[in-house]
$ cat run_21.cif   # mmCIF, C-alpha atoms
data_target
loop_
_atom_site.label_atom_id
_atom_site.label_comp_id
_atom_site.auth_asym_id
_atom_site.auth_seq_id
_atom_site.Cartn_x
_atom_site.Cartn_y
_atom_site.Cartn_z
CA MET A 1 14.15 9.92 -29.21
CA LYS A 2 15.41 12.30 -31.87
CA ASN A 3 12.01 12.19 -33.58
CA PHE A 4 10.28 12.83 -30.31
CA ALA A 5 12.46 15.87 -29.67
CA ARG A 6 11.69 17.14 -33.16
CA LEU A 7 7.97 16.65 -32.59
CA ALA A 8 8.21 18.50 -29.32
CA VAL A 9 9.94 21.42 -31.02
CA TYR A 10 7.27 21.64 -33.71
CA PHE A 11 4.50 21.35 -31.19
CA SER A 12 5.93 24.15 -29.12
CA ILE A 13 6.43 26.35 -32.20
CA ILE A 14 2.82 25.85 -33.25
CA THR A 15 1.26 26.28 -29.84
CA GLY A 16 3.58 29.22 -29.17
CA SER A 17 2.67 31.01 -32.36
CA ALA A 18 -1.04 30.25 -31.88
CA LEU A 19 -0.79 31.72 -28.39
CA LEU A 20 1.09 34.74 -29.72
CA VAL A 21 -1.49 35.32 -32.42
CA SER A 22 -4.33 35.06 -29.93
CA LEU A 23 -2.56 37.47 -27.57
CA VAL A 24 -1.77 40.01 -30.27
CA ASP A 25 -5.10 40.17 -32.07
CA GLY A 26 -7.31 37.63 -30.38
CA CYS A 27 -10.25 35.72 -31.66
CA THR A 28 -13.24 37.94 -31.19
CA PHE A 29 -16.92 37.16 -31.43
CA GLN A 30 -18.36 40.43 -32.68
CA ASN A 31 -21.08 41.49 -35.08
CA GLU A 32 -21.64 44.84 -36.74
CA GLU A 33 -25.16 45.15 -35.39
CA ASP A 34 -23.98 45.09 -31.78
CA TYR A 35 -20.68 46.85 -32.37
CA PHE A 36 -22.09 49.96 -34.02
CA GLY A 37 -25.29 49.97 -31.98
CA GLU A 38 -28.23 52.23 -32.80
CA THR A 39 -26.24 54.62 -34.95
CA TYR A 40 -25.48 51.74 -37.28
CA CYS A 41 -28.39 51.76 -39.64
CA ASP A 42 -30.48 54.83 -40.32
CA THR A 43 -32.85 54.16 -43.20
CA ILE A 44 -35.05 57.23 -42.67
CA ASP A 45 -34.87 60.13 -45.13
CA VAL A 46 -32.07 58.64 -47.22
CA SER A 47 -30.99 60.73 -50.22
CA TYR A 48 -28.70 60.05 -53.20
CA GLU A 49 -25.96 62.04 -51.49
CA ASP A 50 -26.12 59.65 -48.51
CA LEU A 51 -25.44 56.70 -50.79
CA THR A 52 -22.59 57.94 -52.96
CA TYR A 53 -20.17 56.00 -50.74
CA ILE A 54 -21.71 52.91 -52.37
CA PHE A 55 -22.74 54.13 -55.84
CA THR A 56 -19.72 56.28 -56.67
CA ASP A 57 -16.97 54.68 -54.58
CA ILE A 58 -17.84 51.06 -55.30
CA CYS A 59 -20.27 50.58 -58.20
CA ALA A 60 -18.90 53.34 -60.45
CA THR A 61 -15.33 52.07 -60.28
CA CYS A 62 -16.44 49.52 -62.92
CA HIS A 63 -19.81 50.88 -64.06
CA ASN A 64 -19.09 54.44 -65.22
CA SER A 65 -19.81 56.54 -68.29
CA ILE A 66 -16.45 55.78 -69.84
CA ILE A 67 -16.52 52.01 -69.48
CA THR A 68 -19.06 49.56 -68.13
CA PRO A 69 -19.47 45.81 -68.62
CA ARG A 70 -23.26 46.31 -68.94
CA PRO A 71 -24.36 49.16 -71.21
CA ASP A 72 -27.56 49.65 -69.16
CA ILE A 73 -25.76 49.97 -65.85
CA VAL A 74 -23.92 53.22 -65.21
CA MET A 75 -23.62 54.33 -61.62
CA ASP A 76 -21.64 57.57 -61.67
CA SER A 77 -24.36 60.24 -61.46
CA TYR A 78 -27.81 60.65 -59.96
CA GLU A 79 -29.61 60.38 -63.31
CA ASN A 80 -27.57 57.37 -64.39
CA VAL A 81 -28.07 55.55 -61.08
CA LYS A 82 -31.79 56.17 -61.25
CA ALA A 83 -31.94 54.83 -64.83
CA SER A 84 -29.83 51.82 -63.89
CA ILE A 85 -32.02 50.91 -60.93
CA ASN A 86 -35.10 51.26 -63.14
CA THR A 87 -33.78 48.46 -65.35
CA GLY A 88 -34.59 46.14 -62.44
CA LEU A 89 -31.12 44.55 -62.52
CA VAL A 90 -29.40 46.39 -59.68
CA LEU A 91 -31.40 45.26 -56.64
CA PRO A 92 -31.30 41.51 -57.46
CA ALA A 93 -27.56 41.84 -58.11
CA ILE A 94 -26.77 43.44 -54.74
CA ASN A 95 -29.10 40.98 -52.99
CA HIS A 96 -27.28 38.11 -54.73
CA SER A 97 -30.63 36.79 -55.89
CA GLY A 98 -30.20 37.31 -59.63
CA ASP A 99 -27.82 36.06 -62.27
CA TYR A 100 -25.09 38.50 -61.22
CA LYS A 101 -23.66 39.00 -57.78
CA MET A 102 -22.51 42.52 -57.07
CA PRO A 103 -20.26 44.17 -56.04
CA GLN A 104 -17.72 42.15 -57.95
CA GLY A 105 -14.55 41.10 -56.15
CA ARG A 106 -15.69 41.82 -52.63
CA ASP A 107 -18.18 40.69 -50.02
CA LYS A 108 -21.88 41.22 -50.45
CA LEU A 109 -22.96 44.62 -49.16
CA SER A 110 -23.99 44.59 -45.52
CA THR A 111 -27.64 44.18 -44.63
CA CYS A 112 -27.65 47.82 -43.54
CA ASP A 113 -26.28 49.12 -46.84
CA ILE A 114 -28.84 47.08 -48.79
CA SER A 115 -31.64 48.32 -46.49
CA LYS A 116 -30.58 51.91 -47.07
CA ILE A 117 -30.64 51.48 -50.86
CA GLU A 118 -34.02 49.73 -50.73
CA ALA A 119 -35.44 52.44 -48.46
CA TRP A 120 -34.17 55.09 -50.87
CA VAL A 121 -35.70 53.29 -53.89
CA ASN A 122 -39.01 52.89 -52.06
CA ALA A 123 -38.99 56.62 -51.20
CA GLY A 124 -38.79 57.44 -54.91
CA MET A 125 -35.01 57.87 -55.15
CA PRO A 126 -34.77 61.50 -53.93
CA GLU A 127 -31.63 63.35 -54.97
CA ILE A 128 -31.42 65.49 -51.87
CA SER A 129 -32.72 65.06 -48.37
CA GLU A 130 -36.09 66.59 -47.57
CA ASN A 131 -34.87 67.90 -44.23
CA MET B 1 24.78 -79.90 -37.58
CA GLN B 2 27.12 -78.15 -39.88
CA ALA B 3 24.24 -77.32 -42.04
CA CYS B 4 22.56 -75.54 -39.24
CA PRO B 5 25.02 -72.69 -38.89
CA LYS B 6 25.03 -72.50 -42.65
CA TYR B 7 21.26 -72.23 -42.63
CA GLN B 8 21.44 -69.81 -39.79
CA LYS B 9 24.03 -67.72 -41.58
CA THR B 10 21.85 -67.68 -44.66
CA ASN B 11 18.83 -66.68 -42.60
CA VAL B 12 20.70 -63.83 -40.97
CA SER B 13 21.97 -62.49 -44.29
CA VAL B 14 18.42 -62.66 -45.74
CA LYS B 15 17.12 -60.90 -42.65
CA THR B 16 19.68 -58.10 -42.79
CA LEU B 17 19.11 -57.65 -46.51
CA SER B 18 15.36 -57.36 -46.05
CA MET B 19 15.90 -54.93 -43.16
CA LYS B 20 18.14 -52.82 -45.36
CA ILE B 21 15.53 -52.76 -48.10
CA ILE B 22 12.79 -51.80 -45.64
CA ASN B 23 14.99 -49.10 -44.18
CA LEU B 24 15.68 -47.82 -47.66
CA PHE B 25 11.97 -47.69 -48.41
CA ILE B 26 11.33 -45.93 -45.11
CA LEU B 27 14.05 -43.45 -45.91
CA ILE B 28 12.67 -42.86 -49.39
CA GLY B 29 9.20 -42.54 -47.88
CA MET B 30 10.42 -40.12 -45.25
CA PHE B 31 12.34 -38.01 -47.73
CA PRO B 32 9.51 -35.64 -48.60
CA PHE B 33 8.82 -35.11 -44.92
CA ILE B 34 12.45 -34.47 -44.15
CA SER B 35 12.75 -32.01 -47.02
CA ASN B 36 9.43 -30.42 -46.04
CA SER B 37 10.55 -29.92 -42.49
CA GLN B 38 13.69 -28.36 -43.90
CA ASP B 39 11.49 -25.92 -45.87
CA LEU B 40 9.46 -25.22 -42.75
CA MET B 41 12.60 -24.48 -40.81
CA ASN B 42 13.78 -22.17 -43.56
CA LEU B 43 10.38 -20.44 -43.54
CA LEU B 44 10.52 -19.98 -39.80
CA ASP B 45 14.03 -18.61 -40.10
CA SER B 46 12.99 -16.21 -42.83
CA MET B 47 9.99 -15.05 -40.80
CA GLU B 48 12.29 -14.19 -37.97
CA THR B 49 14.69 -12.23 -40.14
CA ASN B 50 12.44 -10.79 -42.95
CA VAL B 51 9.47 -9.25 -41.11
CA PRO B 52 7.76 -6.90 -43.64
CA LYS B 53 9.23 -3.50 -42.98
CA LYS B 54 7.08 -0.45 -42.38
CA GLU B 55 6.50 1.38 -45.63
CA PHE B 56 4.86 4.77 -45.86
CA ILE B 57 2.21 5.18 -48.53
CA SER B 58 2.95 8.29 -50.52
CA GLY B 59 0.97 10.23 -53.09
CA THR B 60 -2.47 10.00 -51.52
CA PHE B 61 -3.25 13.06 -53.63
CA LYS B 62 -1.22 14.61 -56.43
CA SER B 63 -1.03 18.11 -55.00
CA PRO B 64 -1.66 20.06 -51.79
CA ARG B 65 -4.87 21.44 -53.32
CA LEU B 66 -7.87 19.32 -54.27
CA ILE B 67 -10.31 21.83 -55.82
CA ASN B 68 -11.24 24.79 -53.65
CA GLY B 69 -9.93 23.21 -50.49
CA TYR B 70 -6.67 21.52 -49.62
CA THR B 71 -5.60 17.91 -49.27
CA CYS B 72 -3.60 16.00 -46.69
CA GLU B 73 -0.51 16.47 -48.87
CA ASN B 74 2.02 19.18 -48.17
CA ALA B 75 5.10 20.50 -49.90
CA GLY B 76 8.11 18.21 -49.52
CA LYS B 77 11.27 19.32 -47.75
CA HIS B 78 12.72 22.43 -49.45
CA ASP B 79 10.04 22.27 -52.16
CA LEU B 80 8.17 25.37 -53.20
CA VAL B 81 4.68 24.74 -54.51
CA PHE B 82 3.46 27.66 -56.57
CA SER B 83 -0.22 27.80 -57.44
CA ILE B 84 -2.21 30.19 -59.55
CA SER B 85 -5.96 29.85 -59.44
CA HIS B 86 -8.82 31.52 -61.26
CA ARG B 87 -12.55 31.35 -60.67
CA PHE B 88 -14.94 32.75 -63.24
CA ASN B 89 -18.49 34.02 -63.22
CA PRO B 90 -21.44 31.63 -63.60
CA VAL B 91 -21.54 29.79 -66.91
CA LYS B 92 -25.21 30.77 -67.29
CA GLY B 93 -23.99 34.20 -68.46
CA GLY B 94 -23.98 32.53 -71.87
CA VAL B 95 -21.98 33.43 -74.96
CA TYR B 96 -22.22 37.19 -74.22
CA ASP B 97 -20.05 36.65 -71.12
CA LEU B 98 -18.22 33.71 -72.72
CA PHE B 99 -19.71 31.43 -70.11
CA GLY B 100 -18.45 33.59 -67.26
CA LEU B 101 -14.90 33.91 -68.52
CA ASP B 102 -15.22 37.70 -68.85
CA GLU B 103 -14.84 38.21 -65.13
CA SER B 104 -12.58 36.35 -62.78
CA THR B 105 -11.18 36.29 -59.30
CA MET B 106 -7.70 34.94 -58.82
CA ARG B 107 -5.32 33.77 -56.14
CA LEU B 108 -1.57 33.40 -56.09
CA GLY B 109 -0.22 30.96 -53.57
CA PHE B 110 3.11 29.69 -52.31
CA GLU B 111 3.67 26.73 -50.04
CA TYR B 112 7.13 25.84 -48.78
CA GLY B 113 8.13 22.61 -47.05
CA LEU B 114 10.36 23.14 -44.03
CA THR B 115 10.47 19.38 -43.60
CA ASP B 116 8.74 16.54 -45.40
CA ARG B 117 5.92 16.82 -42.91
CA PHE B 118 5.69 20.51 -42.12
CA SER B 119 4.96 23.34 -44.52
CA ILE B 120 4.07 27.01 -44.41
CA ALA B 121 2.11 28.94 -47.00
CA LEU B 122 1.11 32.38 -48.10
CA GLY B 123 -1.46 33.52 -50.65
CA ARG B 124 -3.19 36.57 -52.01
CA SER B 125 -6.63 36.74 -53.61
CA ASN B 126 -8.02 39.74 -55.39
CA PHE B 127 -11.44 38.99 -53.89
CA ASN B 128 -11.59 41.31 -50.86
CA LYS B 129 -7.84 41.89 -51.37
CA LEU B 130 -7.37 38.94 -49.08
CA TYR B 131 -4.03 37.70 -47.78
CA ASP B 132 -4.03 34.20 -46.37
CA GLY B 133 -1.49 31.96 -44.79
CA TYR B 134 -1.43 28.56 -43.21
CA ILE B 135 0.75 25.99 -41.56
CA LYS B 136 0.28 22.33 -42.36
CA TRP B 137 1.63 19.47 -40.34
CA LYS B 138 1.38 15.86 -41.45
CA LEU B 139 0.88 14.18 -38.09
CA ILE B 140 0.67 10.56 -39.23
CA SER B 141 1.31 8.95 -42.60
CA GLN B 142 -0.53 5.93 -43.92
CA SER B 143 1.76 2.91 -43.86
CA SER B 144 1.88 -0.80 -44.51
CA GLY B 145 3.97 -3.57 -42.95
CA GLU B 146 4.98 -3.67 -39.33
CA HIS B 147 3.04 -1.23 -37.10
CA SER B 148 1.03 -0.09 -40.10
CA PHE B 149 -1.48 2.73 -39.91
CA PRO B 150 -4.46 2.98 -42.27
CA LEU B 151 -4.77 6.77 -42.51
CA THR B 152 -2.83 9.91 -43.24
CA ILE B 153 -3.73 12.68 -40.83
CA THR B 154 -2.72 16.28 -41.48
CA TRP B 155 -3.49 19.27 -39.33
CA MET B 156 -3.88 22.73 -40.84
CA GLU B 157 -4.16 26.11 -39.15
CA GLY B 158 -4.94 29.03 -41.42
CA MET B 159 -5.48 32.73 -41.12
CA ALA B 160 -6.79 35.31 -43.57
CA VAL B 161 -6.73 39.09 -43.54
CA LYS B 162 -9.19 41.12 -45.56
CA THR B 163 -7.47 44.34 -46.66
CA VAL B 164 -10.17 45.83 -48.87
CA LYS B 165 -11.47 49.25 -47.77
CA TYR B 166 -14.75 49.15 -45.91
CA VAL B 167 -17.85 50.16 -47.87
CA ASP B 168 -18.90 52.84 -45.38
CA PRO B 169 -15.85 54.96 -44.49
CA SER B 170 -17.75 56.66 -41.67
CA LEU B 171 -17.82 53.44 -39.65
CA GLU B 172 -14.76 52.72 -37.53
CA TYR B 173 -14.15 49.01 -37.49
CA PRO B 174 -11.69 47.41 -35.08
CA LEU B 175 -8.57 45.89 -36.63
CA THR B 176 -9.66 42.42 -35.52
CA ALA B 177 -12.70 42.64 -37.80
CA ARG B 178 -10.38 41.94 -40.73
CA PHE B 179 -9.18 38.55 -39.44
CA TYR B 180 -10.49 35.10 -40.22
CA TYR B 181 -9.18 31.76 -39.02
CA VAL B 182 -9.59 28.19 -40.18
CA HIS B 183 -8.80 24.96 -38.37
CA GLU B 184 -8.81 21.77 -40.39
CA LEU B 185 -7.93 18.14 -39.92
CA PHE B 186 -7.43 16.07 -43.06
CA ILE B 187 -8.12 12.40 -42.46
CA ALA B 188 -7.20 10.67 -45.69
CA ARG B 189 -6.74 7.17 -47.03
CA LYS B 190 -5.31 5.85 -50.25
CA PHE B 191 -7.52 2.82 -50.82
CA ASN B 192 -5.59 1.55 -53.82
CA SER B 193 -3.38 2.88 -56.58
CA ARG B 194 -6.37 4.58 -58.20
CA PHE B 195 -8.65 5.86 -55.44
CA SER B 196 -8.04 8.14 -52.47
CA ALA B 197 -10.50 9.95 -50.24
CA GLN B 198 -10.41 12.32 -47.33
CA LEU B 199 -12.68 13.52 -44.56
CA VAL B 200 -12.08 17.07 -43.41
CA PRO B 201 -13.57 18.32 -40.13
CA THR B 202 -13.34 22.11 -40.43
CA VAL B 203 -14.01 25.11 -38.22
CA VAL B 204 -14.02 28.60 -39.70
CA HIS B 205 -13.85 31.50 -37.28
CA ARG B 206 -14.88 35.00 -38.30
CA ASN B 207 -14.05 37.76 -35.85
CA MET B 208 -16.80 40.07 -37.00
CA VAL B 209 -19.97 39.10 -38.82
CA ASP B 210 -22.69 41.26 -40.27
CA GLU B 211 -25.73 40.52 -38.14
CA LYS B 212 -26.31 39.43 -34.56
CA ALA B 213 -27.78 36.11 -35.69
CA ASP B 214 -24.78 35.23 -37.86
CA GLN B 215 -22.34 32.65 -36.54
CA ASN B 216 -18.80 33.70 -35.73
CA VAL B 217 -17.79 30.07 -35.60
CA VAL B 218 -18.94 27.92 -38.51
CA PRO B 219 -18.30 24.17 -38.30
CA ALA B 220 -18.33 22.09 -41.47
CA LEU B 221 -17.41 18.64 -42.67
CA GLY B 222 -15.57 18.24 -45.92
CA LEU B 223 -15.43 15.19 -48.11
CA GLY B 224 -13.04 14.85 -50.99
CA GLY B 225 -11.98 12.16 -53.41
CA ASN B 226 -9.62 11.51 -56.27
CA PHE B 227 -9.94 8.78 -58.86
CA ILE B 228 -7.04 8.17 -61.20
CA ILE B 229 -8.09 7.23 -64.72
CA ASN B 230 -4.64 6.96 -66.25
CA LYS B 231 -1.11 8.25 -65.79
CA TRP B 232 -1.98 11.84 -66.57
CA LEU B 233 -5.72 12.14 -65.97
CA SER B 234 -7.77 11.90 -62.79
CA VAL B 235 -11.16 13.04 -61.54
CA ASN B 236 -11.66 15.00 -58.33
CA GLY B 237 -14.71 15.70 -56.21
CA GLU B 238 -15.17 17.85 -53.16
CA TYR B 239 -18.11 18.63 -50.88
CA TYR B 240 -18.22 20.77 -47.78
CA TYR B 241 -21.25 20.18 -45.58
CA LEU B 242 -22.22 23.02 -43.25
CA LEU B 243 -23.28 21.64 -39.90
CA PRO B 244 -26.82 22.76 -38.93
CA GLY B 245 -27.08 26.36 -37.78
CA HIS B 246 -27.86 29.87 -39.00
CA THR B 247 -25.16 29.73 -41.67
CA ALA B 248 -26.39 26.38 -43.01
CA ASP B 249 -29.94 27.80 -43.18
CA ASN B 250 -28.88 30.82 -45.22
CA HIS B 251 -26.04 29.50 -47.34
CA THR B 252 -25.39 26.50 -49.54
CA ASN B 253 -22.91 23.70 -49.26
CA SER B 254 -19.99 23.87 -51.63
CA LEU B 255 -19.94 21.11 -54.23
CA SER B 256 -17.21 20.93 -56.84
CA VAL B 257 -16.11 18.44 -59.45
CA GLY B 258 -13.01 18.64 -61.54
CA VAL B 259 -10.44 16.93 -63.66
CA GLU B 260 -6.76 16.93 -62.88
CA LEU B 261 -4.12 16.75 -65.58
CA ASP B 262 -0.67 15.70 -64.48
CA SER B 263 1.67 16.73 -67.22
CA GLY B 264 4.66 15.36 -65.33
CA GLY B 265 7.65 17.03 -63.74
CA GLY B 266 5.69 18.38 -60.80
CA HIS B 267 3.14 20.24 -62.88
CA VAL B 268 -0.55 19.70 -62.17
CA PHE B 269 -3.41 21.43 -63.95
CA GLN B 270 -6.89 21.27 -62.43
CA ILE B 271 -10.10 22.40 -64.13
CA MET B 272 -13.29 22.44 -62.12
CA LEU B 273 -16.97 23.25 -62.04
CA SER B 274 -18.22 24.53 -58.73
CA ASN B 275 -21.15 26.32 -57.13
CA SER B 276 -18.70 28.50 -55.21
CA ASN B 277 -16.04 30.81 -56.53
CA GLY B 278 -14.07 31.25 -53.33
CA MET B 279 -10.51 30.03 -53.05
CA THR B 280 -10.13 30.36 -49.30
CA GLU B 281 -12.09 28.47 -46.67
CA LYS B 282 -13.54 31.71 -45.35
CA ALA B 283 -15.16 32.33 -48.74
CA PHE B 284 -16.30 28.96 -50.00
CA ILE B 285 -17.50 27.37 -46.75
CA PRO B 286 -19.57 29.94 -44.78
CA GLU B 287 -20.28 32.50 -47.52
CA ASN B 288 -21.30 30.38 -50.45
CA ASN B 289 -24.66 31.21 -52.05
CA GLY B 290 -24.39 29.38 -55.35
CA ASN B 291 -26.82 26.58 -56.03
CA TRP B 292 -26.23 23.88 -58.65
CA THR B 293 -29.98 23.48 -59.26
CA HIS B 294 -30.29 27.22 -60.01
CA GLY B 295 -27.47 27.04 -62.50
CA ASP B 296 -24.93 28.88 -60.33
CA ILE B 297 -22.05 26.88 -61.74
CA GLN B 298 -18.68 28.46 -62.24
CA LEU B 299 -15.65 27.36 -64.17
CA GLY B 300 -12.26 27.61 -62.58
CA PHE B 301 -8.75 26.29 -62.75
CA ASN B 302 -5.68 25.79 -60.58
CA ILE B 303 -2.20 25.54 -62.01
CA ILE B 304 0.18 23.96 -59.54
CA ARG B 305 3.92 23.80 -60.06
CA VAL B 306 6.51 22.32 -57.74
CA PHE B 307 10.00 23.84 -57.64
CA HIS B 308 12.75 21.88 -55.95
CA THR B 309 14.83 24.57 -54.26
CA LYS B 310 17.50 22.10 -53.15
CA LYS B 311 18.81 18.98 -54.83
CA LYS B 312 17.44 15.81 -53.23
CA LYS B 313 20.08 13.47 -51.94
#

$ encode --input "run_21.cif" --output "structure tokens"
Amino acid sequence: MKNFARLAVYFSIITGSALLVSLVDGCTFQNEEDYFGETYCDTIDVSYEDLTYIFTDICATCHNSIITPRPDIVMDSYENVKASINTGLVLPAINHSGDYKMPQGRDKLSTCDISKIEAWVNAGMPEISEN
Amino acid sequence: MQACPKYQKTNVSVKTLSMKIINLFILIGMFPFISNSQDLMNLLDSMETNVPKKEFISGTFKSPRLINGYTCENAGKHDLVFSISHRFNPVKGGVYDLFGLDESTMRLGFEYGLTDRFSIALGRSNFNKLYDGYIKWKLISQSSGEHSFPLTITWMEGMAVKTVKYVDPSLEYPLTARFYYVHELFIARKFNSRFSAQLVPTVVHRNMVDEKADQNVVPALGLGGNFIINKWLSVNGEYYYLLPGHTADNHTNSLSVGVELDSGGGHVFQIMLSNSNGMTEKAFIPENNGNWTHGDIQLGFNIIRVFHTKKKK
């Protein structure tokens, strides 16, 4: 009887906290594609300046002119990024299809971010926007 | 006529003597049966009084963690299980990267037993700056004897929060997009003193995924085993099978093998090779891309230490 009471207490604590958690934040079933809608991924007329939030804020925290684990990969300026991408190592790394999976220590870049970089590379890696 | 009674008397005495001898033989002959029946009675008595008592089988696994995933074991009452885990880059990086040891992701974890069957845990990984926590409840323990049960069943509910800044600061994500949940049931059996195995039905829930086609809810089935070689060395294996779906089509199942060194005193050291370098279910079940056949094998280790916060009575 004592064990049963104990079990009941635990059960109520667990179900109670699960209920509380689901009320406070809730399990959601979202995806970025639907959530951000059409504004989500614009791959037209992408310039270097449009991508510094990836190159400078993420890549260059480890791959910069002062220190980098790979001498060929430096991502802190337009010229350096261009040279790094021309080594052919960057795109496989961000696509997780090569030997290295980048960015290190965080999730793979979103499909949109990768599409933007690929579109920019295909457009000849312009430094500034044409328009 | 006088002789007659004499004769008769003699006859009677002969008769009684022979009867006595026969009786003696019968008695001697019966003795084993009598003593046997005595044994039988004793046996029956002992069966009534000494019914094998229910005994719980302990130590199905040596620690609450198997390799990347957990086991049916939880921290004992008032015990604090501290774990520090590292996962390195793929070994195919060669000598230049010291077989992947140049770069690592790590996790610190604490699990505390509120009772012998119920524990709570908290952890922090540097991958995605992820905080994770779980509650573990051993529902049924494997036992022998009266009312025995062949399995140990443990229920785990986990939650993880990704605190890393989003890549694109211009996008406003909802708070819920940072949350991940995991529901697991560990169905384990200690087959003998050397071999234990567990089956782990798992559901990982991700509040926000990247693309429309991605699954928010990813079901998987885990399989784990432990084979004890000697007092201090055992071999572990773990496999998480993604049930068919979009995730299974685009990601690989996590397969890990490792050795476990028990140096005694509640200290376990695990070294493993795995195609995934995640240390939380959210990472190594639905997001694993490593493939053993492509050489995506990573080294890793877990150091697990148990601290007894209160003296056991």

$ atom_distance --input "run_21.cif" --atom1 "atom CA of B:Thr152" --atom2 "atom CA of B:Lys190"
8.5 Å

$ closest_atom_pairs --input "run_21.cif" --of "chain A" --to "chain B" --cutoff "7 Å" --atoms "only C-alpha atoms" --output "Markdown table"
| residue | atom | partner | partner_atom | distance |
| --- | --- | --- | --- | --- |
| A:Asp25 | CA | B:Thr176 | CA | 6.1 |
| A:Cys27 | CA | B:Asn207 | CA | 6.0 |
| A:Thr28 | CA | B:Asn207 | CA | 4.7 |
| A:Phe29 | CA | B:Asn207 | CA | 5.3 |
| A:Gln30 | CA | B:Met208 | CA | 4.6 |
| A:Asn31 | CA | B:Val209 | CA | 4.6 |
| A:Glu32 | CA | B:Asp210 | CA | 5.1 |
| A:Glu33 | CA | B:Glu211 | CA | 5.4 |
| A:Asp34 | CA | B:Lys212 | CA | 6.7 |
| A:Tyr53 | CA | B:Asp168 | CA | 6.4 |
| A:Ile54 | CA | B:Val167 | CA | 6.5 |
| A:Gly105 | CA | B:Phe127 | CA | 4.4 |
| A:Arg106 | CA | B:Asn128 | CA | 4.5 |
| A:Asp107 | CA | B:Asn128 | CA | 6.7 |
| A:Ser110 | CA | B:Asp210 | CA | 6.4 |

$ resolve_selection --input "run_21.cif" --expression "the PyMOL selection byres ((chain B and resi 49-62) around 10)" --output "PDB file with C-alpha atoms, keeping the file's coordinate frame"
ATOM      1  CA  LEU B  43      10.380 -20.440 -43.540  1.00  0.00           C
ATOM      2  CA  LEU B  44      10.520 -19.980 -39.800  1.00  0.00           C
ATOM      3  CA  ASP B  45      14.030 -18.610 -40.100  1.00  0.00           C
ATOM      4  CA  SER B  46      12.990 -16.210 -42.830  1.00  0.00           C
ATOM      5  CA  MET B  47       9.990 -15.050 -40.800  1.00  0.00           C
ATOM      6  CA  GLU B  48      12.290 -14.190 -37.970  1.00  0.00           C
ATOM      7  CA  SER B  63      -1.030  18.110 -55.000  1.00  0.00           C
ATOM      8  CA  PRO B  64      -1.660  20.060 -51.790  1.00  0.00           C
ATOM      9  CA  ARG B  65      -4.870  21.440 -53.320  1.00  0.00           C
ATOM     10  CA  LEU B  66      -7.870  19.320 -54.270  1.00  0.00           C
ATOM     11  CA  TYR B  70      -6.670  21.520 -49.620  1.00  0.00           C
ATOM     12  CA  THR B  71      -5.600  17.910 -49.270  1.00  0.00           C
ATOM     13  CA  CYS B  72      -3.600  16.000 -46.690  1.00  0.00           C
ATOM     14  CA  GLU B  73      -0.510  16.470 -48.870  1.00  0.00           C
ATOM     15  CA  ASN B  74       2.020  19.180 -48.170  1.00  0.00           C
ATOM     16  CA  ILE B 140       0.670  10.560 -39.230  1.00  0.00           C
ATOM     17  CA  SER B 141       1.310   8.950 -42.600  1.00  0.00           C
ATOM     18  CA  GLN B 142      -0.530   5.930 -43.920  1.00  0.00           C
ATOM     19  CA  SER B 143       1.760   2.910 -43.860  1.00  0.00           C
ATOM     20  CA  SER B 144       1.880  -0.800 -44.510  1.00  0.00           C
ATOM     21  CA  GLY B 145       3.970  -3.570 -42.950  1.00  0.00           C
ATOM     22  CA  GLU B 146       4.980  -3.670 -39.330  1.00  0.00           C
ATOM     23  CA  HIS B 147       3.040  -1.230 -37.100  1.00  0.00           C
ATOM     24  CA  SER B 148       1.030  -0.090 -40.100  1.00  0.00           C
ATOM     25  CA  PHE B 149      -1.480   2.730 -39.910  1.00  0.00           C
ATOM     26  CA  PRO B 150      -4.460   2.980 -42.270  1.00  0.00           C
ATOM     27  CA  LEU B 151      -4.770   6.770 -42.510  1.00  0.00           C
ATOM     28  CA  THR B 152      -2.830   9.910 -43.240  1.00  0.00           C
ATOM     29  CA  ALA B 188      -7.200  10.670 -45.690  1.00  0.00           C
ATOM     30  CA  ARG B 189      -6.740   7.170 -47.030  1.00  0.00           C
ATOM     31  CA  LYS B 190      -5.310   5.850 -50.250  1.00  0.00           C
ATOM     32  CA  PHE B 191      -7.520   2.820 -50.820  1.00  0.00           C
ATOM     33  CA  ASN B 192      -5.590   1.550 -53.820  1.00  0.00           C
ATOM     34  CA  SER B 193      -3.380   2.880 -56.580  1.00  0.00           C
ATOM     35  CA  ARG B 194      -6.370   4.580 -58.200  1.00  0.00           C
ATOM     36  CA  PHE B 195      -8.650   5.860 -55.440  1.00  0.00           C
ATOM     37  CA  SER B 196      -8.040   8.140 -52.470  1.00  0.00           C
ATOM     38  CA  ALA B 197     -10.500   9.950 -50.240  1.00  0.00           C
ATOM     39  CA  GLN B 198     -10.410  12.320 -47.330  1.00  0.00           C
ATOM     40  CA  GLY B 225     -11.980  12.160 -53.410  1.00  0.00           C
ATOM     41  CA  ASN B 226      -9.620  11.510 -56.270  1.00  0.00           C
ATOM     42  CA  PHE B 227      -9.940   8.780 -58.860  1.00  0.00           C
ATOM     43  CA  ILE B 228      -7.040   8.170 -61.200  1.00  0.00           C
ATOM     44  CA  SER B 234      -7.770  11.900 -62.790  1.00  0.00           C
ATOM     45  CA  ASN B 236     -11.660  15.000 -58.330  1.00  0.00           C
ATOM     46  CA  GLU B 260      -6.760  16.930 -62.880  1.00  0.00           C
ATOM     47  CA  LEU B 261      -4.120  16.750 -65.580  1.00  0.00           C
ATOM     48  CA  ASP B 262      -0.670  15.700 -64.480  1.00  0.00           C
ATOM     49  CA  GLY B 266       5.690  18.380 -60.800  1.00  0.00           C
ATOM     50  CA  HIS B 267       3.140  20.240 -62.880  1.00  0.00           C
ATOM     51  CA  VAL B 268      -0.550  19.700 -62.170  1.00  0.00           C
ATOM     52  CA  ILE B 304       0.180  23.960 -59.540  1.00  0.00           C
TER      53      ILE B 304
END
